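Peer 1: This one is final17.cif, mmCIF, C-alpha atoms.
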data_work
loop_
_atom_site.label_atom_id
_atom_site.label_comp_id
_atom_site.auth_asym_id
_atom_site.auth_seq_id
_atom_site.Cartn_x
_atom_site.Cartn_y
_atom_site.Cartn_z
CA MET V 1 -62.32 -22.30 92.66
CA ALA V 2 -59.03 -22.28 90.75
CA ARG V 3 -59.07 -23.92 87.34
CA THR V 4 -57.50 -27.36 87.09
CA TRP V 5 -56.58 -26.81 83.45
CA ARG V 6 -55.03 -24.30 81.11
CA MET V 7 -55.40 -23.88 77.39
CA ARG V 8 -53.33 -22.66 74.48
CA ALA V 9 -53.40 -23.06 70.71
CA TRP V 10 -52.00 -26.30 69.33
CA PRO V 11 -48.47 -25.50 68.04
CA SER V 12 -49.09 -26.47 64.43
CA ASP V 13 -52.77 -25.51 64.19
CA ALA V 14 -54.18 -22.43 65.89
CA SER V 15 -57.73 -23.66 65.24
CA VAL V 16 -57.21 -26.53 67.70
CA ALA V 17 -57.34 -25.78 71.43
CA HIS V 18 -54.73 -27.64 73.50
CA LEU V 19 -56.22 -28.65 76.86
CA ILE V 20 -53.62 -29.20 79.57
CA PHE V 21 -54.58 -30.48 83.01
CA THR V 22 -52.16 -28.91 85.47
CA ASP V 23 -52.09 -31.99 87.74
CA HIS V 24 -51.78 -35.28 85.88
CA GLN V 25 -53.15 -37.11 88.95
CA HIS V 26 -56.40 -35.13 88.84
CA LEU V 27 -59.54 -36.72 87.43
CA PRO V 28 -61.43 -34.07 85.46
CA THR V 29 -65.09 -33.63 86.27
CA ARG V 30 -67.91 -33.11 83.78
CA ASP V 31 -68.23 -29.49 84.90
CA GLU V 32 -64.50 -28.90 84.31
CA LEU V 33 -64.73 -30.41 80.83
CA ASP V 34 -67.82 -28.35 80.02
CA ASP V 35 -65.97 -25.22 81.19
CA ALA V 36 -62.93 -26.04 79.03
CA ILE V 37 -65.05 -26.84 75.97
CA ALA V 38 -67.04 -23.62 76.36
CA HIS V 39 -63.79 -21.67 76.65
CA ALA V 40 -62.45 -23.29 73.46
CA ILE V 41 -65.67 -22.48 71.59
CA ARG V 42 -65.50 -18.84 72.70
CA LYS V 43 -61.95 -18.72 71.30
CA GLY V 44 -63.24 -19.98 67.96
CA ALA V 45 -61.55 -23.40 68.08
CA ARG V 46 -62.80 -26.09 65.71
CA ALA V 47 -61.52 -28.89 67.99
CA ILE V 48 -60.11 -29.44 71.45
CA ARG V 49 -57.17 -31.80 72.02
CA THR V 50 -55.71 -33.03 75.29
CA SER V 51 -52.15 -33.54 76.42
CA ALA V 52 -51.09 -37.08 77.31
CA MET V 53 -53.33 -38.51 80.05
CA PHE V 54 -53.14 -41.52 82.32
CA PRO V 55 -55.94 -44.10 81.77
CA PRO V 56 -58.29 -42.93 84.59
CA ALA V 57 -58.36 -39.36 83.25
CA ALA V 58 -58.60 -40.62 79.68
CA ASP V 59 -61.65 -42.70 80.58
CA VAL V 60 -63.41 -39.57 81.82
CA VAL V 61 -62.83 -37.52 78.66
CA LEU V 62 -63.59 -40.45 76.34
CA ALA V 63 -66.95 -40.81 78.06
CA ASP V 64 -67.57 -37.13 77.23
CA GLY V 65 -67.27 -37.46 73.48
CA PHE V 66 -63.49 -37.31 72.97
CA GLU V 67 -61.77 -39.85 70.71
CA VAL V 68 -58.28 -41.34 70.99
CA ILE V 69 -55.88 -39.93 68.39
CA ASP V 70 -52.59 -41.26 69.80
CA ARG V 71 -51.27 -43.70 72.39
CA LEU V 72 -47.94 -43.32 74.16
CA ALA V 73 -45.75 -45.91 75.86
CA LEU V 74 -44.60 -44.95 79.36
CA LEU V 75 -41.15 -45.99 80.56
CA ALA V 76 -39.31 -45.56 83.86
CA PHE V 77 -35.69 -45.49 85.02
CA ASP V 78 -34.60 -46.20 88.60
CA LEU V 79 -32.31 -43.32 89.52
CA ASP V 80 -30.75 -45.30 92.37
CA THR V 81 -28.91 -47.38 89.77
CA GLU V 82 -25.59 -46.55 88.10
CA LEU V 83 -25.95 -44.43 84.99
CA PRO V 84 -24.46 -45.26 81.59
CA GLU V 85 -21.38 -43.31 80.53
CA LEU V 86 -21.49 -40.40 78.10
CA ARG V 87 -20.15 -41.26 74.68
CA GLY V 88 -18.71 -37.79 74.17
CA GLU V 89 -19.36 -37.63 70.43
CA VAL V 90 -21.27 -34.35 70.76
CA GLN V 91 -20.84 -31.25 72.89
CA LEU V 92 -23.58 -30.55 75.42
CA GLY V 93 -24.54 -27.10 76.62
CA ARG V 94 -27.42 -25.05 78.01
CA LEU V 95 -30.40 -24.41 75.79
CA ARG V 96 -30.55 -20.62 75.57
CA PRO V 97 -33.66 -18.62 74.61
CA TRP V 98 -32.24 -17.93 71.14
CA HIS V 99 -31.92 -21.70 70.58
CA LEU V 100 -35.71 -22.24 70.77
CA THR V 101 -36.35 -21.50 67.10
CA PRO V 102 -33.70 -23.91 65.70
CA CYS V 103 -34.79 -26.50 68.29
CA SER V 104 -38.41 -26.16 67.16
CA GLN V 105 -37.26 -26.83 63.60
CA ILE V 106 -35.51 -30.01 64.78
CA ASP V 107 -38.63 -30.98 66.72
CA ARG V 108 -40.85 -30.65 63.66
CA GLU V 109 -38.37 -32.52 61.47
CA SER V 110 -38.40 -35.30 64.06
CA PHE V 111 -42.12 -35.54 64.85
CA GLY V 112 -43.87 -33.96 61.87
CA LEU V 113 -46.13 -30.92 61.73
CA LEU V 114 -48.98 -32.48 63.73
CA TRP V 115 -46.90 -33.33 66.80
CA GLY V 116 -43.98 -30.94 66.39
CA ASN V 117 -43.52 -27.99 68.75
CA SER V 118 -43.15 -24.30 68.02
CA ALA V 119 -40.62 -22.14 69.84
CA THR V 120 -43.46 -20.91 72.07
CA SER V 121 -44.62 -24.41 73.04
CA LEU V 122 -41.05 -25.48 73.77
CA ARG V 123 -40.79 -22.47 76.07
CA ASP V 124 -43.98 -23.62 77.81
CA ILE V 125 -42.59 -27.14 78.25
CA ARG V 126 -39.53 -25.66 80.00
CA HIS V 127 -41.82 -24.12 82.61
CA ALA V 128 -44.17 -27.09 83.07
CA THR V 129 -42.46 -28.37 86.24
CA PRO V 130 -41.12 -26.65 89.39
CA SER V 131 -37.52 -27.15 88.23
CA SER V 132 -36.18 -27.87 84.78
CA SER V 133 -33.07 -28.41 82.70
CA SER V 134 -32.78 -27.67 78.98
CA ARG V 135 -29.77 -28.82 76.97
CA VAL V 136 -28.58 -28.80 73.38
CA ALA V 137 -26.20 -31.17 71.62
CA ARG V 138 -23.76 -29.70 69.09
CA SER V 139 -21.52 -31.13 66.42
CA ASP V 140 -19.34 -29.41 63.85
CA ASP V 141 -22.43 -28.38 61.86
CA GLY V 142 -24.34 -26.78 64.72
CA ILE V 143 -27.17 -27.92 66.99
CA VAL V 144 -28.16 -31.51 66.24
CA GLY V 145 -30.54 -32.18 69.14
CA PHE V 146 -31.98 -31.03 72.43
CA ALA V 147 -33.59 -32.33 75.60
CA ILE V 148 -35.95 -30.67 78.07
CA SER V 149 -36.22 -32.29 81.49
CA GLY V 150 -38.17 -31.46 84.62
CA ALA V 151 -38.47 -32.52 88.22
CA ALA V 152 -41.34 -32.44 90.69
CA GLY V 153 -41.18 -34.13 94.06
CA ASP V 154 -39.28 -37.41 93.80
CA HIS V 155 -39.86 -37.81 90.05
CA GLY V 156 -37.88 -36.60 87.08
CA TYR V 157 -39.41 -36.25 83.62
CA LEU V 158 -37.72 -36.37 80.25
CA GLN V 159 -40.28 -34.05 78.70
CA ARG V 160 -38.91 -33.67 75.19
CA LEU V 161 -36.06 -35.19 73.23
CA ALA V 162 -35.39 -34.61 69.55
CA VAL V 163 -32.40 -35.27 67.33
CA ARG V 164 -32.05 -33.95 63.81
CA PRO V 165 -32.86 -36.82 61.41
CA ASP V 166 -29.58 -36.49 59.48
CA ALA V 167 -27.57 -36.62 62.73
CA ARG V 168 -29.03 -39.72 64.35
CA ARG V 169 -27.06 -42.75 65.51
CA ARG V 170 -24.06 -40.59 66.38
CA GLY V 171 -24.53 -40.50 70.13
CA ALA V 172 -26.51 -37.28 70.51
CA GLY V 173 -29.69 -38.91 71.81
CA HIS V 174 -27.72 -41.21 74.11
CA ASP V 175 -25.76 -38.36 75.69
CA LEU V 176 -28.76 -36.04 76.01
CA VAL V 177 -30.67 -38.73 77.93
CA VAL V 178 -27.72 -39.63 80.17
CA ASP V 179 -27.11 -35.94 80.87
CA ALA V 180 -30.79 -35.51 81.80
CA LEU V 181 -30.64 -38.50 84.15
CA ARG V 182 -27.55 -37.07 85.85
CA TRP V 183 -29.41 -33.80 86.41
CA MET V 184 -32.35 -35.68 87.93
CA GLN V 185 -30.03 -37.53 90.28
CA ARG V 186 -28.57 -34.23 91.45
CA ARG V 187 -32.15 -33.10 92.14
CA SER V 188 -32.53 -36.20 94.37
CA ALA V 189 -35.29 -37.69 92.21
CA ASP V 190 -35.94 -41.41 92.70
CA GLN V 191 -37.40 -42.27 89.31
CA ALA V 192 -37.28 -40.84 85.80
CA LEU V 193 -40.27 -41.11 83.47
CA VAL V 194 -40.48 -40.69 79.72
CA ASN V 195 -43.18 -41.32 77.14
CA THR V 196 -43.09 -41.81 73.40
CA GLY V 197 -45.39 -43.09 70.69
CA VAL V 198 -46.12 -46.80 70.86
CA THR V 199 -44.86 -47.11 67.26
CA ASN V 200 -41.72 -44.98 67.73
CA ASP V 201 -39.36 -47.94 67.59
CA ALA V 202 -36.18 -45.85 67.42
CA ALA V 203 -36.97 -43.94 70.63
CA LEU V 204 -38.18 -47.06 72.43
CA SER V 205 -34.97 -48.87 71.48
CA LEU V 206 -32.84 -45.97 72.77
CA TYR V 207 -34.61 -45.76 76.12
CA ARG V 208 -34.58 -49.51 76.69
CA SER V 209 -30.88 -49.71 75.80
CA LEU V 210 -30.18 -47.13 78.52
CA GLY V 211 -32.05 -49.10 81.18
CA PHE V 212 -35.60 -47.75 81.01
CA VAL V 213 -38.31 -50.35 81.55
CA ASP V 214 -41.83 -50.32 80.13
CA LEU V 215 -44.67 -49.64 82.53
CA THR V 216 -48.10 -51.20 82.18
CA ASP V 217 -50.01 -47.99 81.59
CA GLU V 218 -50.26 -46.38 78.18
CA LEU V 219 -50.95 -42.66 77.96
CA VAL V 220 -53.68 -41.31 75.72
CA ILE V 221 -54.08 -38.13 73.69
CA ALA V 222 -57.72 -37.45 72.82
CA GLU V 223 -59.62 -34.97 70.69
CA ARG V 224 -63.19 -33.73 70.39
CA ARG V 225 -64.54 -31.89 67.37
CA LEU V 226 -66.39 -28.69 68.22
CA THR V 227 -67.98 -27.94 64.84
#
Show me, as structure tokens, the structure contained in the file I just sent.
Peer 2:
Amino acid sequence: MARTWRMRAWPSDASVAHLIFTDHQHLPTRDELDDAIAHAIRKGARAIRTSAMFPPAADVVLADGFEVIDRLALLAFDLDTELPELRGEVQLGRLRPWHLTPCSQIDRESFGLLWGNSATSLRDIRHATPSSSSRVARSDDGIVGFAISGAAGDHGYLQRLAVRPDARRRGAGHDLVVDALRWMQRRSADQALVNTGVTNDAALSLYRSLGFVDLTDELVIAERRLT
């Protein structure tokens, strides 16, 4: 039977195994969790940490000894509605492979070392869905932000958005989100989804100002110590 999960090192801490369920609708079984935990132990990990999970999947891992370490708000945008206009205060372009390192620096400046991505994990995010779009925002002093979006079926996903802290409130985040939504519309997606920390007021304010609405479910990231 094919595995329902994959594993890699956590971007900022190679001693933590990052458990990723390949289908977010799948409910992990006890045998699958035991298999993943055993794999992490063989790799020498001191802990195993999940990606964001919907409540039913989170309930399964929490019953198996995992603990909640973060909660994420989930928001949706109806792609049948008219999109906001671009502000045009930054230049948007394709995120090229050689942009991954500066983008990872922006990501870590934005989210801190615990949650920030490396160039390798950003590359993985770009390939997490059947189709994807990766964009950078530039100003006179170089790259100031980036967005990675994906699409699967009739859903689009704003998978990662980061703007350099010293360049915020200048339209980069606004235009990166609008550009991502336009791409999703061209892919014939019906709904766009995005998640962010429940205490990330700046991101929540941006998404809501663009027409995203909060959904009832909160996503959960959980961790289990192995030593």
Peer 1: Between V:Asp179, V:Asp166, V:Asp35, V:Asp190, which has the minimum distance to Ala151 in chain V (counting only C-alpha atoms)?
Peer 2: V:Asp190
Peer 1: Choose the residue, out of V:Leu181, V:Ile221, V:Val213, V:Ile106, that has the smallest atom-to-atom separation from Glu82 in chain V; count all atoms listed in the file.
Peer 2: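 Nearest to Glu82 in chain V: V:Leu181.
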Peer 1: Applied to this file, what does the PyMOL selection byres ((chain V and resi 122) around 9) return in terms of residues, put as a PyMOL selection string?
Peer 2: chain V and resi 100+103-104+117-121+123-127+148+160
Peer 1: What are the nearest atom pairs, with distances in Å to one decimal, for all residues of range 52-114 of chain V that come at most 8 Å from range 10-31 of chain V, using all atoms listed in the file, set out by chain and rising residue number as CSV?
Peer 2:
residue,atom,partner,partner_atom,distance
V:Met53,CA,V:His24,CA,6.8
V:Phe54,CA,V:His24,CA,7.3
V:Pro56,CA,V:Leu27,CA,6.9
V:Ala57,CA,V:Leu27,CA,5.1
V:Val60,CA,V:Pro28,CA,6.9
V:Val61,CA,V:Pro28,CA,7.8
V:Asp64,CA,V:Arg30,CA,7.7
V:Leu113,CA,V:Ser12,CA,6.0
V:Leu114,CA,V:Ser12,CA,6.1
Peer 1: Report as an mmCIF file with C-alpha atoms, in the frame of the given file the full result of the PyMOL selection byres ((chain V and resi 73) around 9) when it is applied to this structure.
Peer 2:
data_model
loop_
_atom_site.group_PDB
_atom_site.id
_atom_site.type_symbol
_atom_site.label_atom_id
_atom_site.label_comp_id
_atom_site.auth_asym_id
_atom_site.auth_seq_id
_atom_site.Cartn_x
_atom_site.Cartn_y
_atom_site.Cartn_z
ATOM 1 C CA ARG V 71 -51.270 -43.700 72.390
ATOM 2 C CA LEU V 72 -47.940 -43.320 74.160
ATOM 3 C CA LEU V 74 -44.600 -44.950 79.360
ATOM 4 C CA LEU V 75 -41.150 -45.990 80.560
ATOM 5 C CA VAL V 194 -40.480 -40.690 79.720
ATOM 6 C CA ASN V 195 -43.180 -41.320 77.140
ATOM 7 C CA THR V 196 -43.090 -41.810 73.400
ATOM 8 C CA GLY V 197 -45.390 -43.090 70.690
ATOM 9 C CA VAL V 198 -46.120 -46.800 70.860
ATOM 10 C CA THR V 199 -44.860 -47.110 67.260
ATOM 11 C CA LEU V 204 -38.180 -47.060 72.430
ATOM 12 C CA ASP V 214 -41.830 -50.320 80.130
ATOM 13 C CA LEU V 215 -44.670 -49.640 82.530
ATOM 14 C CA THR V 216 -48.100 -51.200 82.180
ATOM 15 C CA ASP V 217 -50.010 -47.990 81.590
ATOM 16 C CA GLU V 218 -50.260 -46.380 78.180
ATOM 17 C CA LEU V 219 -50.950 -42.660 77.960
#
Peer 1: Using all atoms listed in the file, can you tell me which of V:Glu32, V:Ser149, V:Asp80, V:Ser132 comes closest to Arg3 in chain V?
Peer 2: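 Ranked by minimum distance to Arg3 in chain V, first place goes to V:Glu32.
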Peer 1: Can you turn the PyMOL selection byres ((chain V and resi 136) around 10) into a concrete residue list for this file, as a list in words?
Peer 2: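 This file, filtered by the PyMOL selection byres ((chain V and resi 136) around 10), leaves Val90, Gln91, Leu92, Gly93, Arg94, Leu95, Arg96, His99, Cys103, Ser134, Arg135, Ala137, Arg138, Gly142, Ile143, Val144, Gly145, Phe146, Ala147, Ile148, Leu161, Ala162, Val163, Ala172 and Leu176 of chain V.
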Peer 1: Those residues you just picked out, can you put them in a file as a PDB file, in the coordinates of the input with C-alpha atoms?
Peer 2:
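What ended up in selection-v8.pdb:
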ATOM      1  CA  VAL V  90     -21.270 -34.350  70.760  1.00  0.00           C
ATOM      2  CA  GLN V  91     -20.840 -31.250  72.890  1.00  0.00           C
ATOM      3  CA  LEU V  92     -23.580 -30.550  75.420  1.00  0.00           C
ATOM      4  CA  GLY V  93     -24.540 -27.100  76.620  1.00  0.00           C
ATOM      5  CA  ARG V  94     -27.420 -25.050  78.010  1.00  0.00           C
ATOM      6  CA  LEU V  95     -30.400 -24.410  75.790  1.00  0.00           C
ATOM      7  CA  ARG V  96     -30.550 -20.620  75.570  1.00  0.00           C
ATOM      8  CA  HIS V  99     -31.920 -21.700  70.580  1.00  0.00           C
ATOM      9  CA  CYS V 103     -34.790 -26.500  68.290  1.00  0.00           C
ATOM     10  CA  SER V 134     -32.780 -27.670  78.980  1.00  0.00           C
ATOM     11  CA  ARG V 135     -29.770 -28.820  76.970  1.00  0.00           C
ATOM     12  CA  ALA V 137     -26.200 -31.170  71.620  1.00  0.00           C
ATOM     13  CA  ARG V 138     -23.760 -29.700  69.090  1.00  0.00           C
ATOM     14  CA  GLY V 142     -24.340 -26.780  64.720  1.00  0.00           C
ATOM     15  CA  ILE V 143     -27.170 -27.920  66.990  1.00  0.00           C
ATOM     16  CA  VAL V 144     -28.160 -31.510  66.240  1.00  0.00           C
ATOM     17  CA  GLY V 145     -30.540 -32.180  69.140  1.00  0.00           C
ATOM     18  CA  PHE V 146     -31.980 -31.030  72.430  1.00  0.00           C
ATOM     19  CA  ALA V 147     -33.590 -32.330  75.600  1.00  0.00           C
ATOM     20  CA  ILE V 148     -35.950 -30.670  78.070  1.00  0.00           C
ATOM     21  CA  LEU V 161     -36.060 -35.190  73.230  1.00  0.00           C
ATOM     22  CA  ALA V 162     -35.390 -34.610  69.550  1.00  0.00           C
ATOM     23  CA  VAL V 163     -32.400 -35.270  67.330  1.00  0.00           C
ATOM     24  CA  ALA V 172     -26.510 -37.280  70.510  1.00  0.00           C
ATOM     25  CA  LEU V 176     -28.760 -36.040  76.010  1.00  0.00           C
TER      26      LEU V 176
END
Peer 1: Counting only C-alpha atoms, which residue out of V:Pro84, V:Ala152, V:Ile48, V:Asp34 sits closest to Met7 in chain V?
Peer 2: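 Selected residue with least distance to Met7 in chain V: V:Ile48.
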Peer 1: Go ahead and compute the interatomic distance for CA of Gln159 in chain V and CA of Ser51 in chain V, in Å to one decimal.
Peer 2: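 Computed distance, CA of Gln159 in chain V to CA of Ser51 in chain V, equals 12.1 Å.
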Peer 1: Anything within 6 Å of (-39.7, -44.3, 85.6): list those residues as a VMD selection string, counting only C-alpha atoms and sticking to the file's coordinates.
Peer 2: chain V and resid 75 to 77 191 to 193
Peer 1: Which value, in Å to one decimal, gives the distance between CA of Leu158 in chain V and CA of Arg186 in chain V?
Peer 2: 14.6 Å
Peer 1: At what distance in Å, to one decimal, does CA of Tyr207 in chain V lie from CA of Leu79 in chain V?
Peer 2: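 Distance reported for this atom pair: 13.8 Å.
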Peer 1: Out of V:Arg164, V:His39, V:Arg208, V:Arg170, which residue has the shortest atom-to-atom distance to Pro102 in chain V when counting all atoms listed in the file?
Peer 2: V:Arg164
Peer 1: May I have the centre and edge lengths, in Å to one decimal, of an axis-aligned box around the listed atoms of range 127-136 of chain V with 8 Å added to every side, as JSON?
Peer 2:
{"center_x": -36.4, "center_y": -26.5, "center_z": 81.4, "size_x": 31.6, "size_y": 20.7, "size_z": 32.0}
Peer 1: For Leu226 in chain V, work out the shell of residues within 12 Å, counting only C-alpha atoms and skipping chain neighbours fewer than 6 positions away, then give it as a list in words.
Peer 2: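 That gives Ser15, Val16, Ala17, Asp34, Ala36, Ile37, Ala38, His39, Ala40, Ile41, Arg42, Lys43, Gly44, Ala45, Arg46, Ala47, Ile48, Arg49, Gly65 and Phe66 of chain V.
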Peer 1: Pull C-alpha atoms from the residues just selected and write them as a JSON list (two decimals), keeping the file's coordinate frame.
Peer 2:
[["chain", "number", "residue", "atom", "x", "y", "z"],
["V", 15, "SER", "CA", -57.73, -23.66, 65.24],
["V", 16, "VAL", "CA", -57.21, -26.53, 67.70],
["V", 17, "ALA", "CA", -57.34, -25.78, 71.43],
["V", 34, "ASP", "CA", -67.82, -28.35, 80.02],
["V", 36, "ALA", "CA", -62.93, -26.04, 79.03],
["V", 37, "ILE", "CA", -65.05, -26.84, 75.97],
["V", 38, "ALA", "CA", -67.04, -23.62, 76.36],
["V", 39, "HIS", "CA", -63.79, -21.67, 76.65],
["V", 40, "ALA", "CA", -62.45, -23.29, 73.46],
["V", 41, "ILE", "CA", -65.67, -22.48, 71.59],
["V", 42, "ARG", "CA", -65.50, -18.84, 72.70],
["V", 43, "LYS", "CA", -61.95, -18.72, 71.30],
["V", 44, "GLY", "CA", -63.24, -19.98, 67.96],
["V", 45, "ALA", "CA", -61.55, -23.40, 68.08],
["V", 46, "ARG", "CA", -62.80, -26.09, 65.71],
["V", 47, "ALA", "CA", -61.52, -28.89, 67.99],
["V", 48, "ILE", "CA", -60.11, -29.44, 71.45],
["V", 49, "ARG", "CA", -57.17, -31.80, 72.02],
["V", 65, "GLY", "CA", -67.27, -37.46, 73.48],
["V", 66, "PHE", "CA", -63.49, -37.31, 72.97]]
Peer 1: Which polymer residues have any atom within 10 Å of an atom of Leu62 in chain V, counting only C-alpha atoms, with same-chain residues fewer than 4 positions away left out, as number ranges by chain?
Peer 2: V: 57-58, 66-68, 220, 222-224
Peer 1: How would the residues just chosen look if you wrote them out with C-alpha atoms as a PDB file, keeping the file's coordinate frame?
Peer 2:
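Saved file again_3.pdb follows:
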ATOM      1  CA  ALA V  57     -58.360 -39.360  83.250  1.00  0.00           C
ATOM      2  CA  ALA V  58     -58.600 -40.620  79.680  1.00  0.00           C
ATOM      3  CA  PHE V  66     -63.490 -37.310  72.970  1.00  0.00           C
ATOM      4  CA  GLU V  67     -61.770 -39.850  70.710  1.00  0.00           C
ATOM      5  CA  VAL V  68     -58.280 -41.340  70.990  1.00  0.00           C
ATOM      6  CA  VAL V 220     -53.680 -41.310  75.720  1.00  0.00           C
ATOM      7  CA  ALA V 222     -57.720 -37.450  72.820  1.00  0.00           C
ATOM      8  CA  GLU V 223     -59.620 -34.970  70.690  1.00  0.00           C
ATOM      9  CA  ARG V 224     -63.190 -33.730  70.390  1.00  0.00           C
TER      10      ARG V 224
END
Peer 1: Taking into account all atoms listed in the file, which residue in the set V:Ile69, V:Arg182, V:Arg6, V:Leu210 is nearest to Ala128 in chain V?
Peer 2: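 Going through V:Ile69, V:Arg182, V:Arg6, V:Leu210 one by one, the smallest distance to Ala128 in chain V is for V:Arg6.
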